[in-house]
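Raw contents of entry.csv, CSV, C-alpha atoms:
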chain,number,residue,atom,x,y,z
E,1,MET,CA,135.3,-47.2,12.1
E,2,ILE,CA,137.3,-44.0,12.3
E,3,GLU,CA,136.2,-42.1,15.4
E,4,THR,CA,138.3,-38.9,15.0
E,5,LYS,CA,137.3,-36.0,12.8
E,6,ILE,CA,140.7,-36.0,11.2
E,7,LYS,CA,140.3,-36.6,7.5
E,8,SER,CA,141.5,-39.8,6.0
E,9,PRO,CA,144.6,-39.7,3.8
E,10,ARG,CA,143.5,-39.5,0.1
E,11,LEU,CA,146.8,-40.5,-1.3
E,12,VAL,CA,149.7,-42.6,0.1
E,13,ALA,CA,152.9,-42.6,-1.9
E,14,TRP,CA,154.8,-45.7,-0.9
E,15,GLU,CA,158.5,-46.1,-1.8
E,16,LEU,CA,158.7,-49.9,-2.2
E,17,THR,CA,162.4,-49.7,-2.8
E,18,ASN,CA,165.2,-47.2,-2.9
E,19,ALA,CA,166.9,-49.1,-5.7
E,20,CYS,CA,166.8,-47.8,-9.3
E,21,ASN,CA,168.3,-48.6,-12.6
E,22,LEU,CA,168.7,-44.9,-13.4
E,23,ALA,CA,170.5,-42.0,-11.7
E,24,CYS,CA,168.2,-39.0,-12.2
E,25,ILE,CA,169.8,-35.7,-11.3
E,26,HIS,CA,166.7,-34.5,-9.4
E,27,CYS,CA,166.0,-37.7,-7.6
E,28,ARG,CA,164.2,-37.2,-4.3
E,29,ALA,CA,165.4,-40.5,-3.0
E,30,SER,CA,169.0,-40.3,-4.1
E,31,ALA,CA,168.3,-43.8,-5.4
E,32,ILE,CA,171.0,-46.5,-5.4
E,33,LYS,CA,171.5,-49.5,-7.7
E,34,ASP,CA,170.8,-52.2,-5.1
E,35,PRO,CA,168.0,-52.6,-2.6
E,36,ALA,CA,168.8,-51.5,1.0
E,37,PRO,CA,168.9,-54.5,3.4
E,38,ASP,CA,166.4,-53.0,5.8
E,39,GLU,CA,163.5,-52.5,3.4
E,40,LEU,CA,160.1,-53.7,4.6
E,41,SER,CA,159.5,-57.4,4.1
E,42,THR,CA,156.6,-58.7,2.1
E,43,ALA,CA,154.8,-59.6,5.3
E,44,GLN,CA,155.4,-56.1,6.7
E,45,ALA,CA,154.2,-54.6,3.5
E,46,LYS,CA,150.9,-56.6,3.6
E,47,HIS,CA,150.4,-55.7,7.2
E,48,PHE,CA,150.7,-52.0,6.2
E,49,VAL,CA,148.1,-52.6,3.5
E,50,ASP,CA,145.8,-54.0,6.3
E,51,GLU,CA,146.3,-50.8,8.2
E,52,LEU,CA,145.3,-48.7,5.2
E,53,VAL,CA,142.1,-50.5,4.5
E,54,GLU,CA,140.0,-48.5,6.9
E,55,TYR,CA,141.1,-45.2,5.3
E,56,LYS,CA,140.7,-46.4,1.6
E,57,PRO,CA,143.4,-44.1,0.1
E,58,ILE,CA,144.8,-44.4,-3.4
E,59,ILE,CA,148.2,-46.2,-3.0
E,60,ILE,CA,151.0,-45.0,-5.3
E,61,LEU,CA,153.7,-47.7,-5.5
E,62,THR,CA,156.9,-45.8,-6.2
E,63,GLY,CA,160.6,-45.9,-5.6
E,64,GLY,CA,163.4,-45.7,-6.6
E,65,GLU,CA,162.1,-48.0,-9.3
E,66,PRO,CA,159.3,-50.2,-7.9
E,67,LEU,CA,159.7,-52.8,-10.7
E,68,LEU,CA,163.0,-53.8,-9.2
E,69,ARG,CA,161.2,-55.2,-6.2
E,70,ALA,CA,160.2,-58.8,-7.0
E,71,ASP,CA,157.1,-58.8,-4.8
E,72,VAL,CA,155.6,-55.7,-6.3
E,73,TYR,CA,152.9,-57.8,-8.0
E,74,ASP,CA,152.1,-59.6,-4.8
E,75,ILE,CA,151.8,-56.3,-2.8
E,76,ALA,CA,149.7,-54.7,-5.6
E,77,ARG,CA,147.4,-57.7,-5.8
E,78,TYR,CA,147.0,-57.9,-2.0
E,79,ALA,CA,146.1,-54.2,-1.9
E,80,SER,CA,143.7,-54.2,-4.8
E,81,GLY,CA,142.1,-57.4,-3.4
E,82,HIS,CA,141.2,-55.4,-0.3
E,83,GLY,CA,139.4,-52.8,-2.4
E,84,LEU,CA,142.1,-50.2,-2.6
E,85,ARG,CA,142.9,-48.3,-5.8
E,86,VAL,CA,146.6,-49.0,-6.7
E,87,VAL,CA,148.7,-47.1,-9.2
E,88,LEU,CA,152.4,-47.4,-10.1
E,89,ALA,CA,155.1,-44.8,-10.7
E,90,THR,CA,157.9,-46.0,-12.9
E,91,ASN,CA,160.6,-44.6,-15.3
E,92,GLY,CA,159.2,-47.0,-17.9
E,93,THR,CA,162.5,-48.5,-19.1
E,94,LEU,CA,162.0,-51.9,-17.5
E,95,LEU,CA,158.5,-52.5,-18.9
E,96,THR,CA,157.9,-55.5,-21.1
E,97,PRO,CA,154.6,-57.0,-22.3
E,98,GLU,CA,154.9,-59.7,-19.7
E,99,ILE,CA,155.5,-57.2,-16.9
E,100,ALA,CA,152.6,-55.1,-18.1
E,101,ARG,CA,150.3,-58.1,-18.1
E,102,LYS,CA,151.4,-59.0,-14.6
E,103,LEU,CA,150.7,-55.4,-13.4
E,104,LYS,CA,147.3,-55.5,-14.9
E,105,ASP,CA,146.5,-58.9,-13.4
E,106,ALA,CA,147.7,-57.5,-10.0
E,107,GLY,CA,145.1,-54.7,-10.2
E,108,ILE,CA,147.2,-51.7,-11.1
E,109,GLN,CA,144.8,-49.2,-12.5
E,110,ARG,CA,147.2,-46.6,-13.8
E,111,VAL,CA,150.9,-46.2,-14.4
E,112,SER,CA,152.7,-42.9,-14.4
E,113,ILE,CA,155.9,-42.6,-16.5
E,114,SER,CA,158.3,-39.7,-16.1
E,115,ILE,CA,159.1,-37.7,-19.2
E,116,ASP,CA,161.4,-34.8,-18.5
E,117,GLY,CA,162.1,-33.6,-22.0
E,118,ALA,CA,160.3,-33.3,-25.3
E,119,LYS,CA,163.7,-34.1,-26.8
E,120,GLU,CA,165.6,-37.4,-26.3
E,121,GLU,CA,168.8,-35.7,-25.2
E,122,THR,CA,167.1,-33.6,-22.6
E,123,HIS,CA,165.4,-36.5,-21.0
E,124,ASP,CA,168.4,-38.7,-21.1
E,125,THR,CA,170.6,-36.1,-19.4
E,126,PHE,CA,168.0,-35.6,-16.8
E,127,ARG,CA,167.7,-39.4,-16.2
E,128,GLY,CA,171.5,-40.0,-16.2
E,129,GLU,CA,171.3,-42.8,-18.7
E,130,PRO,CA,171.5,-42.9,-22.5
E,131,GLY,CA,168.5,-44.5,-24.0
E,132,ALA,CA,166.2,-43.6,-21.1
E,133,PHE,CA,163.8,-41.6,-23.4
E,134,ASN,CA,163.5,-44.4,-25.9
E,135,GLY,CA,163.0,-46.9,-23.1
E,136,ALA,CA,160.2,-44.8,-21.7
E,137,MET,CA,158.6,-44.5,-25.1
E,138,ARG,CA,158.7,-48.3,-25.5
E,139,GLY,CA,157.2,-48.7,-22.1
E,140,ILE,CA,154.3,-46.3,-23.0
E,141,ASP,CA,153.7,-48.3,-26.2
E,142,ILE,CA,153.5,-51.5,-24.2
E,143,LEU,CA,151.1,-50.0,-21.7
E,144,GLU,CA,148.8,-48.8,-24.5
E,145,LYS,CA,148.8,-52.2,-26.2
E,146,GLU,CA,147.9,-53.9,-22.9
E,147,GLY,CA,145.1,-51.4,-22.3
E,148,ILE,CA,146.6,-49.9,-19.1
E,149,SER,CA,145.9,-46.2,-18.5
E,150,PHE,CA,149.0,-44.1,-18.2
E,151,GLN,CA,149.9,-40.6,-17.3
E,152,ILE,CA,153.0,-38.5,-17.9
E,153,ASN,CA,154.9,-36.9,-15.0
E,154,THR,CA,157.3,-34.0,-15.7
E,155,THR,CA,159.6,-32.2,-13.3
E,156,ILE,CA,160.2,-28.6,-14.4
E,157,THR,CA,163.6,-27.0,-14.1
E,158,LYS,CA,165.5,-24.4,-16.1
E,159,ARG,CA,167.0,-27.1,-18.4
E,160,ASN,CA,163.6,-28.2,-19.7
E,161,LEU,CA,161.4,-25.1,-19.2
E,162,THR,CA,161.2,-24.3,-22.9
E,163,GLU,CA,160.2,-27.9,-23.7
E,164,ILE,CA,157.1,-28.0,-21.5
E,165,PRO,CA,154.7,-27.1,-24.3
E,166,GLY,CA,156.3,-29.8,-26.3
E,167,ILE,CA,155.9,-32.3,-23.5
E,168,TYR,CA,152.2,-31.3,-23.3
E,169,ASP,CA,151.8,-32.0,-27.1
E,170,LEU,CA,153.7,-35.3,-26.7
E,171,ALA,CA,151.3,-36.4,-23.9
E,172,LEU,CA,148.4,-35.7,-26.2
E,173,GLU,CA,150.0,-37.5,-29.1
E,174,LEU,CA,150.8,-40.5,-27.0
E,175,GLY,CA,147.2,-40.8,-25.7
E,176,ALA,CA,148.1,-40.2,-22.0
E,177,SER,CA,145.2,-39.9,-19.6
E,178,ALA,CA,146.9,-37.1,-17.7
E,179,LEU,CA,149.9,-34.8,-17.5
E,180,HIS,CA,151.2,-33.9,-14.0
E,181,ILE,CA,153.8,-31.3,-13.7
E,182,PHE,CA,156.1,-31.2,-10.7
E,183,LEU,CA,158.0,-28.1,-9.7
E,184,LEU,CA,161.4,-29.0,-8.5
E,185,VAL,CA,161.9,-29.2,-4.7
E,186,PRO,CA,165.6,-29.2,-3.7
E,187,THR,CA,165.9,-32.4,-1.7
E,188,GLY,CA,167.8,-35.6,-2.3
E,189,ARG,CA,169.9,-35.2,-5.5
E,190,GLY,CA,167.8,-32.2,-6.2
E,191,GLU,CA,169.9,-30.2,-3.7
E,192,GLU,CA,172.8,-30.5,-6.2
E,193,ILE,CA,170.8,-28.7,-8.9
E,194,GLU,CA,169.1,-26.2,-6.7
E,195,SER,CA,170.4,-23.5,-9.0
E,196,GLU,CA,168.2,-25.0,-11.7
E,197,GLU,CA,165.0,-24.2,-9.9
E,198,ILE,CA,163.1,-21.8,-12.1
E,199,PRO,CA,162.8,-18.3,-10.6
E,200,PRO,CA,159.5,-17.3,-8.9
E,201,GLN,CA,158.4,-15.2,-11.8
E,202,GLU,CA,158.7,-18.2,-14.1
E,203,TYR,CA,156.6,-20.2,-11.7
E,204,GLU,CA,153.8,-17.7,-12.1
E,205,ARG,CA,154.2,-17.7,-15.9
E,206,VAL,CA,154.2,-21.5,-16.2
E,207,LEU,CA,151.3,-22.0,-13.9
E,208,ASN,CA,149.3,-19.4,-15.7
E,209,TRP,CA,150.1,-21.2,-19.0
E,210,PHE,CA,149.0,-24.4,-17.3
E,211,TYR,CA,145.7,-22.8,-16.3
E,212,ASP,CA,145.1,-21.7,-19.9
E,213,LYS,CA,145.8,-25.2,-21.1
E,214,SER,CA,143.5,-26.7,-18.6
E,215,LYS,CA,140.5,-25.1,-20.2
E,216,GLY,CA,139.1,-27.5,-22.7
E,217,SER,CA,142.1,-29.9,-22.5
E,218,ARG,CA,141.6,-33.4,-23.8
E,219,ILE,CA,143.6,-34.8,-20.9
E,220,GLN,CA,143.6,-34.2,-17.1
E,221,LEU,CA,146.2,-31.7,-16.0
E,222,LYS,CA,147.5,-31.4,-12.5
E,223,ALA,CA,150.2,-29.2,-10.9
E,224,THR,CA,152.1,-30.9,-8.1
E,225,CYS,CA,154.5,-29.3,-5.6
E,226,ALA,CA,153.0,-26.1,-6.9
E,227,PRO,CA,150.4,-24.9,-4.4
E,228,HIS,CA,150.5,-21.4,-5.9
E,229,TYR,CA,148.4,-22.9,-8.8
E,230,PHE,CA,145.3,-22.9,-6.5
E,231,ARG,CA,145.7,-19.2,-5.8
E,232,ILE,CA,146.3,-18.5,-9.5
E,233,MET,CA,143.3,-20.6,-10.5
E,234,ARG,CA,141.1,-18.5,-8.2
E,235,GLN,CA,142.5,-15.2,-9.3
E,236,ARG,CA,142.0,-16.1,-13.0
E,237,ALA,CA,138.5,-17.5,-12.5
E,238,LYS,CA,137.5,-14.4,-10.6
E,239,ALA,CA,138.8,-12.2,-13.3
E,240,GLU,CA,136.9,-14.2,-15.9
E,241,GLY,CA,133.7,-14.2,-13.9
E,242,ILE,CA,133.8,-18.0,-13.6
E,243,LYS,CA,132.7,-19.9,-10.5
E,244,ILE,CA,135.1,-22.7,-9.6
E,245,THR,CA,133.2,-26.0,-9.7
E,246,ARG,CA,134.1,-29.6,-10.7
E,247,GLU,CA,132.4,-28.9,-14.0
E,248,THR,CA,134.5,-25.8,-14.8
E,249,HIS,CA,137.8,-26.8,-13.3
E,250,GLY,CA,137.7,-30.6,-12.9
E,251,LEU,CA,139.2,-32.3,-9.9
E,252,GLU,CA,141.4,-29.3,-9.1
E,253,ALA,CA,138.2,-27.6,-7.8
E,254,MET,CA,137.8,-30.3,-5.2
E,255,THR,CA,141.3,-30.1,-3.6
E,256,LYS,CA,143.9,-27.6,-2.5
E,257,GLY,CA,147.6,-26.9,-2.8
E,258,CYS,CA,149.9,-28.6,-0.3
E,259,LEU,CA,148.3,-31.8,0.9
E,260,GLY,CA,151.3,-33.0,2.9
E,261,GLY,CA,150.0,-34.3,6.3
E,262,SER,CA,146.4,-33.5,5.6
E,263,GLY,CA,145.4,-35.6,2.6
E,264,PHE,CA,148.7,-37.1,1.6
E,265,CYS,CA,151.7,-38.8,3.1
E,266,PHE,CA,154.9,-40.6,2.0
E,267,VAL,CA,156.1,-43.9,3.4
E,268,SER,CA,159.8,-44.8,2.8
E,269,SER,CA,161.1,-48.3,2.0
E,270,ARG,CA,162.1,-48.6,5.6
E,271,GLY,CA,158.7,-47.7,6.9
E,272,ASP,CA,159.4,-44.0,7.8
E,273,VAL,CA,156.3,-41.8,7.4
E,274,TYR,CA,156.7,-38.2,6.2
E,275,PRO,CA,154.2,-35.5,5.1
E,276,CYS,CA,155.6,-35.9,1.5
E,277,GLY,CA,158.7,-37.3,-0.1
E,278,TYR,CA,160.4,-33.9,-0.2
E,279,LEU,CA,159.8,-32.9,3.4
E,280,PRO,CA,162.2,-34.8,5.8
E,281,ALA,CA,160.1,-34.1,8.9
E,282,LEU,CA,159.6,-37.6,10.4
E,283,ALA,CA,156.2,-38.4,11.7
E,284,GLY,CA,156.9,-41.9,12.8
E,285,ASN,CA,157.7,-45.4,11.5
E,286,ILE,CA,155.1,-48.1,10.8
E,287,ARG,CA,157.4,-50.8,12.3
E,288,GLN,CA,157.2,-49.0,15.6
E,289,ARG,CA,153.7,-47.5,15.7
E,290,PRO,CA,150.4,-48.3,14.0
E,291,PHE,CA,149.9,-46.1,11.0
E,292,ARG,CA,146.6,-44.8,12.5
E,293,MET,CA,148.5,-43.4,15.5
E,294,ILE,CA,151.1,-41.8,13.2
E,295,TRP,CA,148.5,-40.3,10.9
E,296,GLU,CA,146.2,-39.0,13.6
E,297,LYS,CA,148.6,-38.1,16.5
E,298,SER,CA,152.0,-37.1,15.1
E,299,LYS,CA,153.0,-33.5,15.8
E,300,VAL,CA,154.2,-32.7,12.3
E,301,PHE,CA,150.9,-33.8,10.7
E,302,ASN,CA,148.8,-31.9,13.2
E,303,ASP,CA,151.0,-28.8,12.7
E,304,LEU,CA,150.5,-29.0,9.0
E,305,ARG,CA,146.7,-29.4,9.3
E,306,ASN,CA,146.4,-26.1,11.1
E,307,PRO,CA,146.7,-23.1,8.7
E,308,ALA,CA,146.8,-20.8,11.8
E,309,MET,CA,150.3,-22.0,12.5
E,310,LEU,CA,151.7,-20.8,9.2
E,311,LYS,CA,154.2,-18.0,9.5
E,312,GLY,CA,155.3,-15.0,7.5
E,313,LYS,CA,153.2,-14.0,4.5
E,314,CYS,CA,151.7,-17.5,4.2
E,315,GLY,CA,150.1,-17.0,7.6
E,316,ALA,CA,148.7,-13.6,6.5
E,317,CYS,CA,147.6,-14.8,3.1
E,318,GLU,CA,143.9,-14.9,2.2
E,319,TYR,CA,144.7,-17.9,0.0
E,320,ARG,CA,146.2,-20.0,2.8
E,321,MET,CA,143.3,-22.4,3.0
E,322,VAL,CA,143.6,-23.3,-0.6
E,323,CYS,CA,147.3,-22.9,-1.2
E,324,GLY,CA,149.3,-23.3,2.1
E,325,GLY,CA,152.6,-22.8,0.3
E,326,CYS,CA,155.1,-25.6,-0.3
E,327,ARG,CA,156.1,-26.8,3.2
E,328,ALA,CA,159.1,-28.7,1.8
E,329,ARG,CA,160.5,-25.5,0.1
E,330,ALA,CA,160.0,-23.6,3.4
E,331,TYR,CA,161.8,-26.3,5.3
E,332,ALA,CA,164.7,-26.5,2.7
E,333,ALA,CA,165.1,-22.7,2.9
E,334,THR,CA,164.8,-22.1,6.7
E,335,GLY,CA,164.6,-25.4,8.5
E,336,ASP,CA,161.0,-24.6,9.6
E,337,TYR,CA,158.2,-26.3,7.7
E,338,LEU,CA,155.7,-23.7,8.9
E,339,ASP,CA,157.7,-20.8,7.5
E,340,GLU,CA,156.6,-18.8,4.5
E,341,GLU,CA,156.9,-20.3,1.0
E,342,PRO,CA,160.2,-18.8,-0.5
E,343,TYR,CA,159.2,-19.1,-4.1
E,344,CYS,CA,155.9,-17.2,-4.1
E,345,VAL,CA,155.7,-13.7,-5.5
E,346,TYR,CA,152.2,-12.9,-4.3
E,347,VAL,CA,151.8,-10.2,-1.6
E,348,PRO,CA,148.8,-10.9,0.6
E,349,VAL,CA,146.2,-8.2,0.9
E,350,ARG,CA,146.5,-8.3,4.7
E,351,ALA,CA,150.3,-8.3,4.7

As structure tokens:
Amino acid sequence: MIETKIKSPRLVAWELTNACNLACIHCRASAIKDPAPDELSTAQAKHFVDELVEYKPIIILTGGEPLLRADVYDIARYASGHGLRVVLATNGTLLTPEIARKLKDAGIQRVSISIDGAKEETHDTFRGEPGAFNGAMRGIDILEKEGISFQINTTITKRNLTEIPGIYDLALELGASALHIFLLVPTGRGEEIESEEIPPQEYERVLNWFYDKSKGSRIQLKATCAPHYFRIMRQRAKAEGIKITRETHGLEAMTKGCLGGSGFCFVSSRGDVYPCGYLPALAGNIRQRPFRMIWEKSKVFNDLRNPAMLKGKCGACEYRMVCGGCRARAYAATGDYLDEEPYCVYVPVRA
């Protein structure tokens, strides 16, 4: 029984391995070809699952490429067997009918596949490997035939900005359950393409387009690493005279912008715990401290849970409770995860 009033994590992104068969230019993990020797063992991974049971979060098995870890099925089966919802994030190129069946048997309830271009050449350049687009398409076809729900994840940069409407159409055509867009955060290999972050004005335009598409869309749409969206959603709804409810705005009405440290955390292949995969502010390591202690007691998490600690215009903003600004972008720009979001054009009423 959880005695503290601190909310449970809703989502835990768990990097099973840092190894990957691709070399994506925007990779958060700066993934490598071979697994690191100090990754969590199967026994340590299962112990971590035991620690998560009291919180009941959704576990996102990610990487690197999680399918390169041989015990991914054992870990997924162990977690799903303990009543946890388990999903998998993959580049899709390694999927085969046999692997898809093993994932399904292990209790994986959804698979996300990254598509970063409506055109083959755009995606392949992004992913650093010829044939990556066709491999992902094959993977999606396999998932569909095996009856496994899948979603499309897309990281937006200058090089694929014009193809985002095409990716949306592709997601519909493929029968995806959802399309999640990610706004580039310059960490990992992403630091090398920092110049490809779309300018703040384009953020506003894309997120307004996304809001328009969300109305009556046949698939679930979610903007990630884009807390501005939750301000825009409220601005637009107010102008339209619409009350924000689950019926009018789906799951986005029930959540907020930056969840790092409050409803979400990232756990590395070595057991390091961070607010998110893009914010390298260490909260603790599950090999050294119980996860509960890290989640509930770490300074970084408790800082991020307190909107009153936000600085600059984020601290003055009337939308700080629903947006919060991207803490990872603030950290990348200033070294202070509580500083103002550098890619927001909005001027608070009280500023």

**OP:** With a distance cut-off of 9 Å and only C-alpha atoms, select the neighbouring residues of Arg218 in chain E, excluding the residue or stretch itself and same-chain residues fewer than 2 positions from it, and output the selection as a list in words.
**Re:** Leu172, Ser177, Ala178, Ser214, Gly216 and Gln220 of chain E

Original post:
Pick from E:Tyr73, E:Tyr337, E:Trp295, E:Tyr319: nearest to Gly257 in chain E, with all atoms listed in the file counted?
Top reply: E:Tyr319

Original post:
Which polymer residues have any atom within 10 Å of an atom of Pro9 in chain E, counting all atoms listed in the file, with same-chain residues fewer than 6 positions away left out, as an NGL selection string?
Top reply: :E and (52 or 55-58 or 259-265 or 295-296)

Would you mind exporting the chosen residues as a PDB file, in the coordinates of the input, restricted to C-alpha atoms?
ATOM      1  CA  LEU E  52     145.300 -48.700   5.200  1.00  0.00           C
ATOM      2  CA  TYR E  55     141.100 -45.200   5.300  1.00  0.00           C
ATOM      3  CA  LYS E  56     140.700 -46.400   1.600  1.00  0.00           C
ATOM      4  CA  PRO E  57     143.400 -44.100   0.100  1.00  0.00           C
ATOM      5  CA  ILE E  58     144.800 -44.400  -3.400  1.00  0.00           C
ATOM      6  CA  LEU E 259     148.300 -31.800   0.900  1.00  0.00           C
ATOM      7  CA  GLY E 260     151.300 -33.000   2.900  1.00  0.00           C
ATOM      8  CA  GLY E 261     150.000 -34.300   6.300  1.00  0.00           C
ATOM      9  CA  SER E 262     146.400 -33.500   5.600  1.00  0.00           C
ATOM     10  CA  GLY E 263     145.400 -35.600   2.600  1.00  0.00           C
ATOM     11  CA  PHE E 264     148.700 -37.100   1.600  1.00  0.00           C
ATOM     12  CA  CYS E 265     151.700 -38.800   3.100  1.00  0.00           C
ATOM     13  CA  TRP E 295     148.500 -40.300  10.900  1.00  0.00           C
ATOM     14  CA  GLU E 296     146.200 -39.000  13.600  1.00  0.00           C
TER      15      GLU E 296
END

**OP:** Name the residues in contact with Thr224 in chain E at a cut-off of 7 Å, using only C-alpha atoms, excluding same-chain residues fewer than 4 positions from it; report them as an NGL selection string.
**Re:** :E and (180-183)

Original post:
Which residues, written as a ChimeraX atom specification, have at least one atom at most 9 Å from Cys317 in chain E, with all atoms listed in the file counted and residues fewer than 2 positions away on the same chain left out?
Top reply: /E:312-315,319-321,324,346-351

Subject >> Contacts of range 343-345 of chain E within 9 Å, all atoms listed in the file, excl. fewer than 4 positions in-chain, as a ChimeraX atom specification >> reply: /E:199-201,203-204,228,325-326,329-330

Those same residues - C-alpha atoms - I'd like them written as a PDB file, keeping the file's coordinate frame.
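That gives us again_0.pdb:
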ATOM      1  CA  PRO E 199     162.800 -18.300 -10.600  1.00  0.00           C
ATOM      2  CA  PRO E 200     159.500 -17.300  -8.900  1.00  0.00           C
ATOM      3  CA  GLN E 201     158.400 -15.200 -11.800  1.00  0.00           C
ATOM      4  CA  TYR E 203     156.600 -20.200 -11.700  1.00  0.00           C
ATOM      5  CA  GLU E 204     153.800 -17.700 -12.100  1.00  0.00           C
ATOM      6  CA  HIS E 228     150.500 -21.400  -5.900  1.00  0.00           C
ATOM      7  CA  GLY E 325     152.600 -22.800   0.300  1.00  0.00           C
ATOM      8  CA  CYS E 326     155.100 -25.600  -0.300  1.00  0.00           C
ATOM      9  CA  ARG E 329     160.500 -25.500   0.100  1.00  0.00           C
ATOM     10  CA  ALA E 330     160.000 -23.600   3.400  1.00  0.00           C
TER      11      ALA E 330
END

Subject >> Answer as a ChimeraX atom specification, residues within 10 Å of (147.1, -34.9, 13.6) using all atoms listed in the file >> reply: /E:4-7,261-262,283,292-306

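Distances from E:Ile242, E:Glu121, E:Glu163, E:Ile108 to Gly147 in chain E were compared using all atoms listed in the file, and the smallest one belongs to E:Ile108.
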
Original post:
What is the CA of Ala100 in chain E-CA of Ala70 in chain E distance in Å, reported with one decimal?
Top reply: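 CA of Ala70 in chain E lies 14.0 Å from CA of Ala100 in chain E.
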
Original post:
So what do you get for CA of Arg127 in chain E versus CA of Lys158 in chain E, distance-wise?
Top reply: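 Atom-to-atom, CA of Arg127 in chain E to CA of Lys158 in chain E, that is 15.2 Å.
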
Original post:
Quick one: distance from CA of Lys104 in chain E to CA of Ala79 in chain E in Å, one decimal?
Top reply: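 So the two atoms, CA of Lys104 in chain E and CA of Ala79 in chain E, lie 13.1 Å apart.
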
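Shortest atom-to-atom contact with Arg289 in chain E among E:Ser41, E:Glu51, E:Gly92, E:Ala19: E:Glu51, counting all atoms listed in the file.
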
**OP:** Determine the nearest neighbour of Ile148 in chain E from the options E:Ile286, E:Leu161, E:Ala176, E:Ala136, counting only C-alpha atoms.
**Re:**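 Looking only at the distances to Ile148 in chain E, the closest residue turns out to be E:Ala176.
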
Enumerate, in order of chain and increasing residue number, the residues of range 63-166 of chain E with an atom no farther than 12 Å from range 269-278 of chain E, each with its shortest atom pair and distance in Å to one decimal, counting all atoms listed in the file, as a Markdown table.
| residue | atom | partner | partner_atom | distance |
| --- | --- | --- | --- | --- |
| E:Gly63 | CA | E:Ser269 | CA | 8.0 |
| E:Gly64 | CA | E:Ser269 | CA | 9.3 |
| E:Glu65 | CA | E:Ser269 | CA | 11.3 |
| E:Pro66 | CA | E:Ser269 | CA | 10.2 |
| E:Arg69 | CA | E:Ser269 | CA | 10.7 |

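If you measure from each of E:Gly81, E:Asp74, E:Asp169, E:Ile99 to Ala118 in chain E using only C-alpha atoms, the closest one turns out to be E:Asp169.
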